[in-house]
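Here is the file coords.txt (compact mmCIF, C-alpha atoms).
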```txt
# COMPACT_ATOMS: atom_id res chain seq x y z
CA MET A 61 9.56 120.22 0.70
CA SER A 62 7.26 117.49 -0.65
CA THR A 63 6.40 117.46 -4.35
CA ASP A 64 3.53 115.00 -4.04
CA LYS A 65 0.50 116.31 -5.81
CA LYS A 66 -2.92 115.68 -4.40
CA ALA A 67 -5.43 114.00 -6.66
CA ASP A 68 -7.68 116.49 -8.42
CA PHE A 69 -11.32 115.38 -8.32
CA SER A 70 -12.78 118.71 -9.40
CA GLY A 71 -13.88 117.35 -12.84
CA VAL A 72 -15.49 114.17 -11.55
CA THR A 73 -19.25 113.87 -11.54
CA SER A 74 -21.38 111.07 -10.21
CA SER A 75 -24.96 110.03 -10.21
CA VAL A 76 -26.83 107.26 -8.42
CA ASP A 77 -29.57 105.29 -10.12
CA THR A 78 -31.41 102.35 -8.69
CA SER A 79 -30.47 98.93 -9.88
CA ALA A 80 -34.12 97.83 -9.65
CA GLN A 81 -36.00 97.55 -12.93
CA LYS A 82 -38.14 100.50 -13.81
CA VAL A 83 -41.76 99.49 -13.97
CA GLU A 84 -44.16 101.63 -15.90
CA LYS A 85 -47.43 102.34 -14.17
CA ALA A 86 -50.18 99.96 -15.21
CA ASP A 87 -52.63 101.43 -17.69
CA PHE A 88 -56.18 100.62 -16.68
CA SER A 89 -57.80 103.08 -19.07
CA GLY A 90 -59.30 100.29 -21.21
CA VAL A 91 -60.71 98.28 -18.31
CA THR A 92 -64.45 98.17 -17.84
CA SER A 93 -66.47 96.49 -15.16
CA SER A 94 -70.11 95.67 -14.69
CA VAL A 95 -72.16 94.06 -11.98
CA ASP A 96 -75.16 92.04 -12.95
CA THR A 97 -77.89 91.37 -10.45
CA THR A 98 -79.12 87.85 -9.95
CA ALA A 99 -82.50 89.04 -8.68
CA GLU A 100 -84.22 88.71 -12.05
CA LYS A 101 -82.48 85.49 -12.89
CA VAL A 102 -83.39 83.76 -9.64
CA GLY A 103 -86.75 85.46 -9.09
CA GLY A 104 -89.32 82.89 -10.21
CA GLY A 105 -89.04 80.01 -7.79
CA THR A 106 -89.99 76.41 -8.54
CA TYR A 107 -93.06 74.32 -9.27
CA THR A 108 -93.61 70.60 -8.67
CA VAL A 109 -95.46 69.00 -11.58
CA GLN A 110 -98.82 67.44 -10.72
CA LYS A 111 -100.67 64.69 -12.59
CA GLY A 112 -102.44 66.20 -15.63
CA ASP A 113 -100.19 69.27 -15.82
CA THR A 114 -98.87 70.69 -19.09
CA LEU A 115 -96.35 73.48 -19.49
CA SER A 116 -99.16 75.71 -20.82
CA LYS A 117 -101.33 74.96 -17.77
CA ILE A 118 -98.44 75.65 -15.40
CA ALA A 119 -97.61 78.87 -17.27
CA LYS A 120 -101.24 80.06 -17.06
CA ASN A 121 -101.66 79.19 -13.38
CA GLU A 122 -98.23 80.32 -12.15
CA LEU A 123 -97.35 83.15 -14.53
CA GLY A 124 -100.78 84.27 -15.75
CA ASP A 125 -99.98 83.58 -19.40
CA ALA A 126 -100.36 80.17 -21.07
CA ASN A 127 -98.03 81.34 -23.86
CA ALA A 128 -95.18 81.60 -21.33
CA TRP A 129 -94.76 77.80 -21.49
CA GLN A 130 -91.73 78.34 -23.77
CA LYS A 131 -89.99 80.37 -21.04
CA ILE A 132 -90.52 77.52 -18.58
CA PHE A 133 -89.23 75.00 -21.12
CA ASP A 134 -86.15 77.12 -21.95
CA LEU A 135 -85.35 77.54 -18.26
CA ASN A 136 -85.54 73.77 -17.69
CA LYS A 137 -83.72 72.35 -20.70
CA ASP A 138 -81.35 70.64 -18.27
CA VAL A 139 -84.21 68.34 -17.17
CA LEU A 140 -86.69 68.57 -20.06
CA LYS A 141 -85.92 67.28 -23.54
CA ASP A 142 -89.47 67.59 -24.92
CA PRO A 143 -92.03 70.20 -23.80
CA ASP A 144 -94.81 67.62 -24.16
CA ARG A 145 -93.14 65.13 -21.82
CA ILE A 146 -93.30 66.29 -18.21
CA PHE A 147 -93.96 63.98 -15.30
CA PRO A 148 -95.53 64.27 -11.83
CA ASP A 149 -93.05 65.17 -9.08
CA GLN A 150 -90.60 66.86 -11.47
CA VAL A 151 -89.46 70.16 -9.98
CA LEU A 152 -89.31 72.91 -12.59
CA LYS A 153 -87.73 76.32 -12.29
CA LEU A 154 -90.10 79.17 -13.03
CA PRO A 155 -89.16 82.51 -14.59
CA PRO A 156 -90.16 85.67 -12.76
CA LYS A 157 -93.68 86.91 -13.44
CA SER A 158 -93.69 89.56 -16.14
```
Show me the file's structure as structure tokens.
Amino acid sequence: MSTDKKADFSGVTSSVDTSAQKVEKADFSGVTSSVDTTAEKVGGGTYTVQKGDTLSKIAKNELGDANAWQKIFDLNKDVLKDPDRIFPDQVLKLPPKS
């Protein structure tokens, strides 16, 4: 008769876990989003300066308010350094009519 004992695995437990890193789910709770329309920003169009024009005259004729000259100046600071120095054939951006 053989006296070899069989291995006893009754007390062995095992578990399988992935070797990949655990990645927590991204938390987007603090993220906000907004969409801004360009309609108002583009809206006004352009005006080509004529001989004898002033920003006030352009504002009155194009926007209906001579006091809106400042809006035209502010919108065109890339081409205008002085609101009193505009020249024929300059193309100015106009704000939308209020």
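Each of A:Lys65, A:Lys153, A:Lys111, A:Lys120 was checked against A:Val139 using all atoms listed in the file; the smallest atom-to-atom distance is that of A:Lys153.
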Worksheet item: Of the candidates A:Leu154, A:Ala128, A:Val72, A:Ile146, which one gets nearest to A:Tyr107 if we count only C-alpha atoms?
Response: A:Leu154
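For A:Trp129, the list of residues within 6 Å, based on all atoms listed in the file and with local chain neighbours fewer than 3 positions off taken out, reads Leu115, Ser116, Ala119 and Ile132 of chain A.
Between atom CA of A:Lys117 and atom CA of A:Gly105 there is a distance of 16.6 Å.
If you measure from each of A:Lys141, A:Ala67, A:Gly104, A:Phe88 to A:Glu122 using all atoms listed in the file, the closest one turns out to be A:Gly104.
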Worksheet item: To one decimal place, how far is atom CA of A:Gly124 from atom CA of A:Leu140 in Å?
Response: 21.5 Å
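Rounded to one decimal, atom CA of A:Gln130 and atom CA of A:Pro155 lie 10.4 Å from each other.
Counting all atoms listed in the file, the residue from A:Thr92, A:Val83, A:Lys66, A:Thr114 that sits nearest to A:Asp142 is A:Thr114.
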Item to complete: Please work out which residues fall within 9 Å of (-82.1, 69.2, -12.8), coordinates as given in the file, with only C-alpha atoms counting, and return them as a PyMOL selection string.
Response: chain A and resi 136-140+150-152
Worksheet item: Taking into account all atoms listed in the file, which residue in the set A:Ser93, A:Ser75, A:Gln81, A:Thr108 is nearest to A:Phe147?
Response: A:Thr108
